>>> print(open('input12.txt').read())   # compact mmCIF, C-alpha atoms
# COMPACT_ATOMS: atom_id res chain seq x y z
CA MET A 20 265.18 -80.46 -27.13
CA ARG A 21 268.41 -79.51 -25.36
CA ARG A 22 266.36 -77.51 -22.85
CA ILE A 23 264.08 -80.51 -22.18
CA LEU A 24 267.09 -82.78 -21.69
CA GLY A 25 268.60 -80.24 -19.31
CA ILE A 26 265.42 -80.10 -17.22
CA ALA A 27 265.21 -83.89 -17.15
CA LEU A 28 268.84 -84.15 -16.06
CA ALA A 29 268.25 -81.59 -13.33
CA VAL A 30 265.25 -83.54 -12.04
CA LEU A 31 267.30 -86.74 -11.98
CA LEU A 32 270.12 -85.01 -10.14
CA ILE A 33 267.72 -83.56 -7.57
CA GLY A 34 266.12 -86.97 -7.15
CA GLY A 35 269.55 -88.47 -6.64
CA VAL A 36 270.39 -85.97 -3.91
CA ILE A 37 267.09 -86.65 -2.16
CA ALA A 38 267.74 -90.40 -2.26
CA VAL A 39 271.18 -89.87 -0.75
CA VAL A 40 269.84 -87.77 2.12
CA ILE A 41 266.99 -90.16 2.95
CA GLY A 42 269.24 -93.18 2.72
CA GLY A 43 271.89 -91.64 4.95
CA GLN A 44 274.57 -91.87 2.27
CA GLY A 45 277.31 -89.42 1.46
CA PRO A 46 280.32 -88.12 3.39
CA GLU A 47 278.41 -87.61 6.67
CA GLY A 48 277.01 -91.14 6.91
CA THR A 49 277.24 -94.57 5.33
CA ALA A 50 274.01 -96.20 6.54
CA THR A 51 272.86 -98.95 4.22
CA LYS A 52 270.33 -100.79 6.41
CA THR A 53 267.19 -99.28 7.96
CA VAL A 54 265.84 -101.06 11.03
CA ARG A 55 262.76 -100.28 13.09
CA GLY A 56 262.52 -100.94 16.80
CA VAL A 57 260.33 -100.43 19.85
CA ILE A 58 262.17 -99.05 22.88
CA GLY A 59 261.55 -97.86 26.43
CA SER A 60 261.02 -94.09 26.49
CA GLU A 61 264.10 -93.51 28.66
CA LYS A 62 266.25 -94.37 25.60
CA SER A 63 264.50 -91.94 23.22
CA GLU A 64 267.00 -89.13 23.64
CA TYR A 65 269.88 -91.55 23.11
CA PHE A 66 268.58 -92.71 19.74
CA ARG A 67 267.65 -89.14 18.72
CA ASP A 68 271.12 -87.81 19.52
CA PRO A 69 272.71 -86.68 16.21
CA ASP A 70 276.05 -88.14 17.33
CA VAL A 71 274.40 -91.52 17.95
CA VAL A 72 272.63 -91.30 14.57
CA LYS A 73 275.96 -90.62 12.87
CA ALA A 74 277.81 -93.35 14.79
CA LEU A 75 275.15 -95.88 13.79
CA ALA A 76 275.21 -94.66 10.18
CA ASP A 77 278.99 -95.12 10.11
CA LYS A 78 278.34 -98.75 11.04
CA GLY A 79 275.71 -99.12 8.32
CA TYR A 80 272.48 -98.53 10.26
CA THR A 81 269.60 -96.11 10.16
CA VAL A 82 267.55 -96.79 13.30
CA LYS A 83 263.92 -95.71 13.60
CA THR A 84 262.20 -96.14 16.96
CA GLU A 85 258.82 -96.04 18.67
CA THR A 86 258.31 -96.09 22.43
CA SER A 87 256.29 -98.40 24.66
CA GLY A 88 256.18 -99.48 28.29
CA SER A 89 258.63 -102.37 28.56
CA TRP A 90 256.13 -104.75 30.13
CA ALA A 91 253.55 -104.03 27.43
CA MET A 92 255.83 -104.69 24.45
CA ASP A 93 254.84 -108.34 24.17
CA GLN A 94 251.29 -107.18 23.39
CA LEU A 95 252.40 -105.27 20.27
CA ALA A 96 252.44 -106.51 16.66
CA LEU A 97 256.11 -107.38 17.04
CA LYS A 98 256.49 -108.72 13.50
CA GLU A 99 256.30 -105.08 12.39
CA PHE A 100 259.60 -104.40 14.17
CA ASP A 101 263.18 -105.50 13.60
CA PHE A 102 264.02 -105.35 17.30
CA ALA A 103 262.63 -104.61 20.75
CA PHE A 104 264.68 -102.90 23.44
CA PRO A 105 262.93 -103.11 26.84
CA SER A 106 264.47 -101.71 29.99
CA SER A 107 265.19 -105.01 31.73
CA SER A 108 265.73 -108.69 31.03
CA GLU A 109 262.46 -110.03 32.47
CA PRO A 110 260.06 -108.59 29.85
CA ALA A 111 262.60 -109.54 27.16
CA LYS A 112 261.71 -113.21 27.73
CA GLU A 113 258.04 -112.52 27.08
CA ILE A 114 258.89 -110.48 23.99
CA GLU A 115 260.97 -113.34 22.56
CA ALA A 116 258.09 -115.76 23.04
CA ALA A 117 255.49 -113.40 21.58
CA ALA A 118 257.67 -112.61 18.56
CA GLY A 119 258.45 -116.28 17.93
CA VAL A 120 262.19 -115.77 18.41
CA LYS A 121 262.63 -117.60 21.71
CA GLY A 122 266.31 -118.18 22.35
CA ALA A 123 267.36 -115.17 20.26
CA GLN A 124 270.90 -113.93 20.83
CA ASN A 125 269.98 -110.84 22.82
CA ALA A 126 272.45 -108.30 24.21
CA LYS A 127 272.55 -106.12 27.32
CA PRO A 128 274.52 -103.05 26.25
CA PHE A 129 273.99 -100.95 29.39
CA PHE A 130 271.99 -100.65 32.58
CA SER A 131 270.71 -98.05 35.01
CA PRO A 132 269.73 -98.47 38.67
CA LEU A 133 266.55 -96.92 40.00
CA VAL A 134 266.80 -93.89 42.26
CA VAL A 135 264.38 -91.69 44.15
CA ILE A 136 264.78 -87.98 43.50
CA ALA A 137 263.68 -85.78 46.36
CA ARG A 138 263.25 -82.13 47.21
CA PRO A 139 265.87 -81.06 49.78
CA GLY A 140 263.18 -80.51 52.43
CA ALA A 141 261.75 -83.97 51.88
CA ALA A 142 265.20 -85.57 52.03
CA LYS A 143 265.97 -83.75 55.30
CA VAL A 144 262.71 -84.84 56.92
CA LEU A 145 263.26 -88.45 55.83
CA THR A 146 266.80 -88.32 57.22
CA ASP A 147 265.76 -86.74 60.52
CA ASN A 148 263.24 -89.55 60.99
CA GLY A 149 265.58 -92.43 60.15
CA LEU A 150 264.05 -93.22 56.75
CA ALA A 151 267.11 -92.08 54.80
CA LYS A 152 270.69 -91.04 55.34
CA MET A 153 272.71 -88.44 53.47
CA THR A 154 276.03 -89.51 51.92
CA GLY A 155 276.88 -86.33 50.01
CA LYS A 156 275.68 -82.79 49.53
CA ASN A 157 272.94 -83.86 47.14
CA SER A 158 272.95 -87.64 47.50
CA GLY A 159 271.93 -90.24 50.01
CA THR A 160 270.43 -93.65 50.65
CA LEU A 161 266.75 -94.47 51.08
CA LEU A 162 266.47 -97.00 53.92
CA MET A 163 263.86 -99.34 52.53
CA GLY A 164 263.02 -101.18 55.76
CA PRO A 165 262.14 -98.05 57.77
CA TYR A 166 260.52 -96.40 54.75
CA LEU A 167 258.22 -99.37 54.08
CA LYS A 168 257.33 -99.57 57.77
CA ALA A 169 256.20 -95.93 57.63
CA ALA A 170 254.28 -96.60 54.40
CA GLY A 171 252.57 -99.62 55.97
CA GLU A 172 251.46 -97.41 58.86
CA ASP A 173 250.09 -94.76 56.45
CA ARG A 174 252.36 -92.14 57.95
CA THR A 175 251.84 -88.58 56.80
CA TRP A 176 254.46 -85.89 56.35
CA GLN A 177 252.84 -83.95 59.19
CA GLN A 178 253.47 -86.89 61.53
CA LEU A 179 257.20 -86.82 60.80
CA GLN A 180 259.47 -84.79 63.05
CA GLY A 181 260.73 -81.55 61.51
CA SER A 182 258.14 -81.31 58.75
CA ALA A 183 256.52 -78.08 60.04
CA PRO A 184 259.00 -75.72 58.28
CA HIS A 185 258.09 -77.41 54.96
CA PRO A 186 254.42 -76.61 54.27
CA GLU A 187 254.75 -78.13 50.79
CA LEU A 188 255.03 -81.57 52.42
CA THR A 189 251.47 -82.66 53.08
CA GLY A 190 249.46 -85.86 53.05
CA THR A 191 250.64 -89.45 53.04
CA VAL A 192 254.34 -90.09 52.44
CA PHE A 193 254.78 -91.93 49.14
CA ILE A 194 257.07 -92.27 46.14
CA LYS A 195 255.53 -91.37 42.79
CA THR A 196 256.12 -94.28 40.40
CA THR A 197 254.96 -95.44 37.00
CA ASP A 198 252.33 -98.10 36.25
CA PRO A 199 253.84 -101.42 37.43
CA ALA A 200 251.66 -103.39 35.00
CA THR A 201 253.26 -101.81 31.92
CA SER A 202 256.30 -99.75 32.89
CA ASN A 203 259.66 -101.24 33.80
CA SER A 204 260.51 -98.78 36.57
CA GLY A 205 257.16 -99.33 38.30
CA ALA A 206 257.48 -103.10 38.00
CA LEU A 207 261.02 -103.14 39.40
CA TYR A 208 259.94 -100.88 42.26
CA LEU A 209 257.50 -103.65 43.24
CA ALA A 210 260.26 -106.22 42.77
CA ALA A 211 262.53 -104.41 45.24
CA THR A 212 259.89 -103.45 47.80
CA SER A 213 258.29 -106.92 47.78
CA ASN A 214 261.75 -108.40 48.41
CA VAL A 215 262.13 -106.31 51.56
CA ALA A 216 258.57 -107.05 52.64
CA ASN A 217 259.20 -110.77 52.04
CA HIS A 218 262.00 -110.95 54.60
CA LEU A 219 264.71 -110.12 52.01
CA ASN A 220 263.69 -112.94 49.68
CA VAL A 221 262.45 -112.81 46.10
CA VAL A 222 258.70 -113.43 45.99
CA ALA A 223 258.41 -116.78 44.24
CA ASP A 224 254.98 -118.25 45.06
CA GLU A 225 251.38 -117.51 45.96
CA ALA A 226 252.24 -117.40 49.66
CA GLY A 227 254.77 -114.65 48.98
CA ILE A 228 252.22 -112.72 46.96
CA GLU A 229 249.66 -112.99 49.78
CA ARG A 230 252.27 -111.88 52.31
CA THR A 231 253.37 -108.77 50.41
CA ALA A 232 250.31 -107.72 48.37
CA PRO A 233 248.64 -105.55 51.08
CA LEU A 234 251.72 -103.35 51.37
CA MET A 235 252.20 -103.25 47.57
CA HIS A 236 248.59 -102.05 47.29
CA LYS A 237 249.28 -99.23 49.74
CA LEU A 238 252.39 -98.15 47.84
CA ILE A 239 250.53 -97.92 44.51
CA SER A 240 246.94 -96.99 45.38
CA VAL A 241 247.95 -93.88 47.34
CA GLN A 242 249.39 -92.35 44.16
CA GLY A 243 246.17 -91.91 42.21
CA ALA A 244 246.67 -91.80 38.42
CA LEU A 245 249.76 -93.67 37.27
CA GLU A 246 252.11 -92.51 34.53
CA PRO A 247 253.07 -94.88 31.67
CA SER A 248 256.77 -93.91 31.79
CA THR A 249 259.31 -92.09 33.97
CA ASP A 250 259.73 -89.27 31.45
CA ASP A 251 256.78 -87.04 32.39
CA PRO A 252 257.18 -87.26 36.20
CA PHE A 253 260.90 -86.55 35.85
CA ARG A 254 260.33 -83.52 33.65
CA ALA A 255 257.65 -82.25 36.05
CA PHE A 256 260.07 -82.56 38.96
CA ILE A 257 262.83 -80.69 37.12
CA SER A 258 260.37 -77.91 36.24
CA GLY A 259 259.62 -77.44 39.93
CA SER A 260 256.24 -79.17 40.07
CA GLY A 261 255.27 -82.75 40.79
CA GLU A 262 255.55 -84.79 43.97
CA PRO A 263 258.40 -84.39 46.50
CA LEU A 264 259.57 -88.00 45.96
CA ILE A 265 259.80 -89.37 42.40
CA LEU A 266 261.06 -92.76 41.18
CA ALA A 267 263.47 -92.30 38.26
CA TYR A 268 266.40 -93.94 36.53
CA GLU A 269 269.87 -92.85 37.54
CA SER A 270 270.52 -92.36 33.81
CA GLN A 271 267.97 -89.54 33.71
CA VAL A 272 269.82 -87.68 36.47
CA ALA A 273 273.29 -88.44 35.14
CA SER A 274 272.35 -87.37 31.61
CA LEU A 275 271.04 -84.06 32.93
CA LEU A 276 274.27 -83.44 34.85
CA LEU A 277 276.56 -84.53 32.01
CA ARG A 278 274.78 -82.12 29.66
CA ARG A 279 275.46 -79.41 32.27
CA GLN A 280 271.78 -78.62 32.71
CA ASP A 281 270.58 -77.18 35.98
CA PRO A 282 269.09 -79.98 38.12
CA GLY A 283 267.39 -77.45 40.35
CA GLU A 284 266.75 -78.42 43.96
CA MET A 285 267.36 -82.15 43.88
CA VAL A 286 268.65 -84.84 46.20
CA VAL A 287 269.30 -88.28 44.68
CA LEU A 288 268.44 -91.14 47.04
CA TYR A 289 269.57 -94.65 46.11
CA PRO A 290 267.28 -97.32 47.63
CA ASP A 291 269.44 -99.59 49.78
CA THR A 292 267.71 -102.58 48.17
CA THR A 293 267.28 -102.38 44.42
CA VAL A 294 266.87 -104.34 41.21
CA ASN A 295 269.16 -103.14 38.46
CA SER A 296 267.73 -102.53 35.02
CA PRO A 297 269.82 -104.14 32.25
CA HIS A 298 268.41 -102.74 29.01
CA THR A 299 268.02 -105.87 26.88
CA PHE A 300 268.16 -105.82 23.08
CA VAL A 301 265.98 -108.49 21.44
CA PRO A 302 266.59 -109.00 17.69
CA ILE A 303 263.36 -109.91 15.93
CA SER A 304 264.48 -109.85 12.29
CA ASP A 305 267.81 -110.81 10.75
CA ARG A 306 268.34 -107.17 9.79
CA ALA A 307 268.92 -106.22 13.42
CA ARG A 308 270.80 -109.34 14.49
CA GLU A 309 274.17 -107.60 14.97
CA LEU A 310 272.89 -104.24 16.24
CA GLY A 311 272.64 -105.26 19.90
CA SER A 312 276.27 -106.40 20.16
CA LEU A 313 277.32 -103.26 18.28
CA LEU A 314 275.64 -101.08 20.91
CA ALA A 315 277.44 -103.06 23.61
CA THR A 316 280.94 -103.17 22.15
CA ASP A 317 281.53 -100.21 19.83
CA PRO A 318 283.71 -97.68 21.74
CA LYS A 319 281.97 -94.62 20.29
CA LEU A 320 278.48 -95.92 21.04
CA ARG A 321 279.56 -96.88 24.57
CA GLU A 322 280.94 -93.38 25.08
CA LEU A 323 277.65 -91.90 23.90
CA ALA A 324 275.65 -94.24 26.15
CA VAL A 325 277.63 -92.90 29.13
CA ARG A 326 276.94 -89.35 27.96
CA HIS A 327 273.25 -90.20 28.23
CA GLY A 328 273.75 -91.46 31.78
CA PHE A 329 273.76 -95.21 31.12
CA ARG A 330 276.30 -97.58 32.67
CA PRO A 331 277.94 -99.92 30.10
CA GLN A 332 277.72 -103.49 31.40
CA GLU A 333 281.48 -103.70 31.79
CA GLY A 334 282.06 -99.97 32.02
CA VAL A 335 282.21 -98.98 35.70
CA ALA A 336 285.47 -97.10 35.09
CA GLU A 337 284.01 -95.28 32.09
CA PHE A 338 280.94 -94.17 34.01
CA THR A 339 282.95 -93.19 37.09
CA ALA A 340 285.39 -91.09 35.07
CA ALA A 341 282.63 -89.30 33.15
CA THR A 342 280.54 -88.52 36.23
CA ALA A 343 283.40 -87.62 38.60
CA PRO A 344 282.54 -83.89 38.50
CA HIS A 345 279.04 -84.75 39.69
CA ALA A 346 279.90 -87.03 42.61
CA ALA A 347 277.84 -84.81 44.93
CA TYR A 348 274.71 -86.29 43.32
CA LEU A 349 275.71 -89.80 42.24
CA ASN A 350 276.98 -93.06 43.72
CA PRO A 351 279.21 -94.39 40.91
CA GLY A 352 280.26 -97.54 42.77
CA LEU A 353 276.74 -98.22 44.12
CA THR A 354 278.36 -98.38 47.57
CA GLY A 355 276.06 -99.73 50.27
CA ILE A 356 273.40 -100.87 47.77
CA ARG A 357 272.03 -104.41 47.94
CA GLN A 358 271.12 -105.70 44.49
CA VAL A 359 268.44 -108.40 44.35
CA GLY A 360 266.80 -110.48 41.65
CA ALA A 361 263.33 -109.88 40.24
CA PRO A 362 260.40 -112.29 40.50
CA THR A 363 259.30 -114.10 37.37
CA VAL A 364 257.08 -112.19 34.97
CA LYS A 365 254.05 -114.20 36.12
CA ILE A 366 254.66 -113.42 39.80
CA LEU A 367 255.49 -109.77 39.20
CA MET A 368 252.41 -109.19 37.07
CA ALA A 369 250.28 -110.85 39.75
CA LEU A 370 251.79 -108.48 42.30
CA ALA A 371 251.12 -105.53 40.00
CA ALA A 372 247.48 -106.56 39.58
CA ARG A 373 247.05 -106.85 43.34
CA ALA A 374 248.87 -103.57 43.91
CA LYS A 375 246.54 -101.74 41.52
CA GLY A 376 243.51 -103.39 43.14
>>> encode(input="input12.txt", output="structure tokens")
Amino acid sequence: MRRILGIALAVLLIGGVIAVVIGGQGPEGTATKTVRGVIGSEKSEYFRDPDVVKALADKGYTVKTETSGSWAMDQLALKEFDFAFPSSSEPAKEIEAAAGVKGAQNAKPFFSPLVVIARPGAAKVLTDNGLAKMTGKNSGTLLMGPYLKAAGEDRTWQQLQGSAPHPELTGTVFIKTTDPATSNSGALYLAATSNVANHLNVVADEAGIERTAPLMHKLISVQGALEPSTDDPFRAFISGSGEPLILAYESQVASLLLRRQDPGEMVVLYPDTTVNSPHTFVPISDRARELGSLLATDPKLRELAVRHGFRPQEGVAEFTAATAPHAAYLNPGLTGIRQVGAPTVKILMALAARAKG
């Protein structure tokens, strides 16, 4: 009998330990609330970071995530999630409506501008032909007006002066993007380029769509198959493959540098006209109501967001200080960059449909 009681007690003790580990309890974490969210893939590493997991647990949260293109989130069964965390504010409005939480108290903890990462040879050829200008050893500005003029004329690398020493540069000059119908970066690329093509005005009506759609179609159709997120093209570029010009988030570059990983041969070009990407937290259930503001205001979580390359909404100084050793690649103050608004979701999706043909 004593042996049976001992075995039973041991089983209970083991079960208790398992419950503690799963629940995130104990000295290494105090999480009491598990929430499930759908996020843009560019935030996956942030939420997987053990330091972020611990910081959230210390505030009472265990956060489980799945990824989706930001502009496709409103098509999901959102009632299965406690929150959605798209990569900009425009799709957040559609998510609120689809989830039945219109007017929810959302938060914008951090943002990241879009950049174009280029091989050094490509950046030099663009610069020599007036389509870009270098501002640092590994950084520069993409001049959107001249670049879009070249794209509209179907210019090839071989037609650009100084391309002969770079046999890897062949075919039509284009920037590899993601699918603008589902992915935030691809959609905001259309937002910025259509603004330039629309005489530096946000496209706001059918006339604007008609005026800019032919060029948008050229920018997208030349790419062939479109990726659902920036993650795969970015990884391909870092590995030494992929296209010579890739659309990415600054956070992807900054995170790589802050983790002291080798960026390889990379030049970071900031488009001179851009739409910033404020990652917008949409609470769907009451369980996640406070999580968005926590991500925005908690000092430890802000510090970790910077470590992953994101810019806290009110944290220019934090980002600048952290990335100072990598100023050769980055533009902390976004000097010389014109920031413009995005079209409405309806207009932008119409542009995306026309761009994809």
>>> closest_residue(input="input12.txt", among="A:Leu370, A:Ala307, A:Ala267, A:Val364", to="Glu225 in chain A", atoms="only C-alpha atoms")
A:Leu370
>>> atom_distance(input="input12.txt", atom1="CA of Ala170 in chain A", atom2="CA of Ile239 in chain A")
10.7 Å
>>> residues_around(input="input12.txt", residues="Gly259 in chain A", least_positions_apart="6", cutoff="10 Å", atoms="all atoms listed in the file", output="number ranges by chain")
A: 138, 282-285
>>> residues_around(input="input12.txt", residues="Leu245 in chain A", least_positions_apart="6", cutoff="10 Å", atoms="all atoms listed in the file", output="ChimeraX atom specification")
/A:195-199,202,205,239,252,375
>>> closest_residue(input="input12.txt", among="A:Val82, A:Ile265, A:Leu207, A:Met163", to="Phe66 in chain A", atoms="only C-alpha atoms")
A:Val82
>>> closest_residue(input="input12.txt", among="A:Ile58, A:Ala117, A:Ala324, A:Ala137", to="Thr86 in chain A", atoms="all atoms listed in the file")
A:Ile58
>>> closest_residue(input="input12.txt", among="A:Gly171, A:Gly243, A:Pro290, A:Gly334", to="Gln358 in chain A", atoms="all atoms listed in the file")
A:Pro290
>>> closest_residue(input="input12.txt", among="A:Thr84, A:Gln180, A:Ser107, A:Ser240", to="Ser63 in chain A", atoms="all atoms listed in the file")
A:Thr84
>>> residues_around(input="input12.txt", residues="Gly227 in chain A", least_positions_apart="6", cutoff="10 Å", atoms="all atoms listed in the file", output="list in words")
Ser213, Asn214, Ala216, Asn217, His218, Asn220, Val221, Ile366 and Leu370 of chain A
>>> atom_distance(input="input12.txt", atom1="CA of Ser248 in chain A", atom2="CA of Thr160 in chain A")
23.3 Å
>>> residues_around(input="input12.txt", residues="Pro128 in chain A", least_positions_apart="2", cutoff="9 Å", atoms="only C-alpha atoms", output="list in words")
Ala126, Phe130, Pro297, His298, Thr299, Phe300, Gly311, Ser312, Leu313, Leu314, Ala315, Thr316, Arg321, Ala324, Arg330, Pro331, Gln332 and Glu333 of chain A
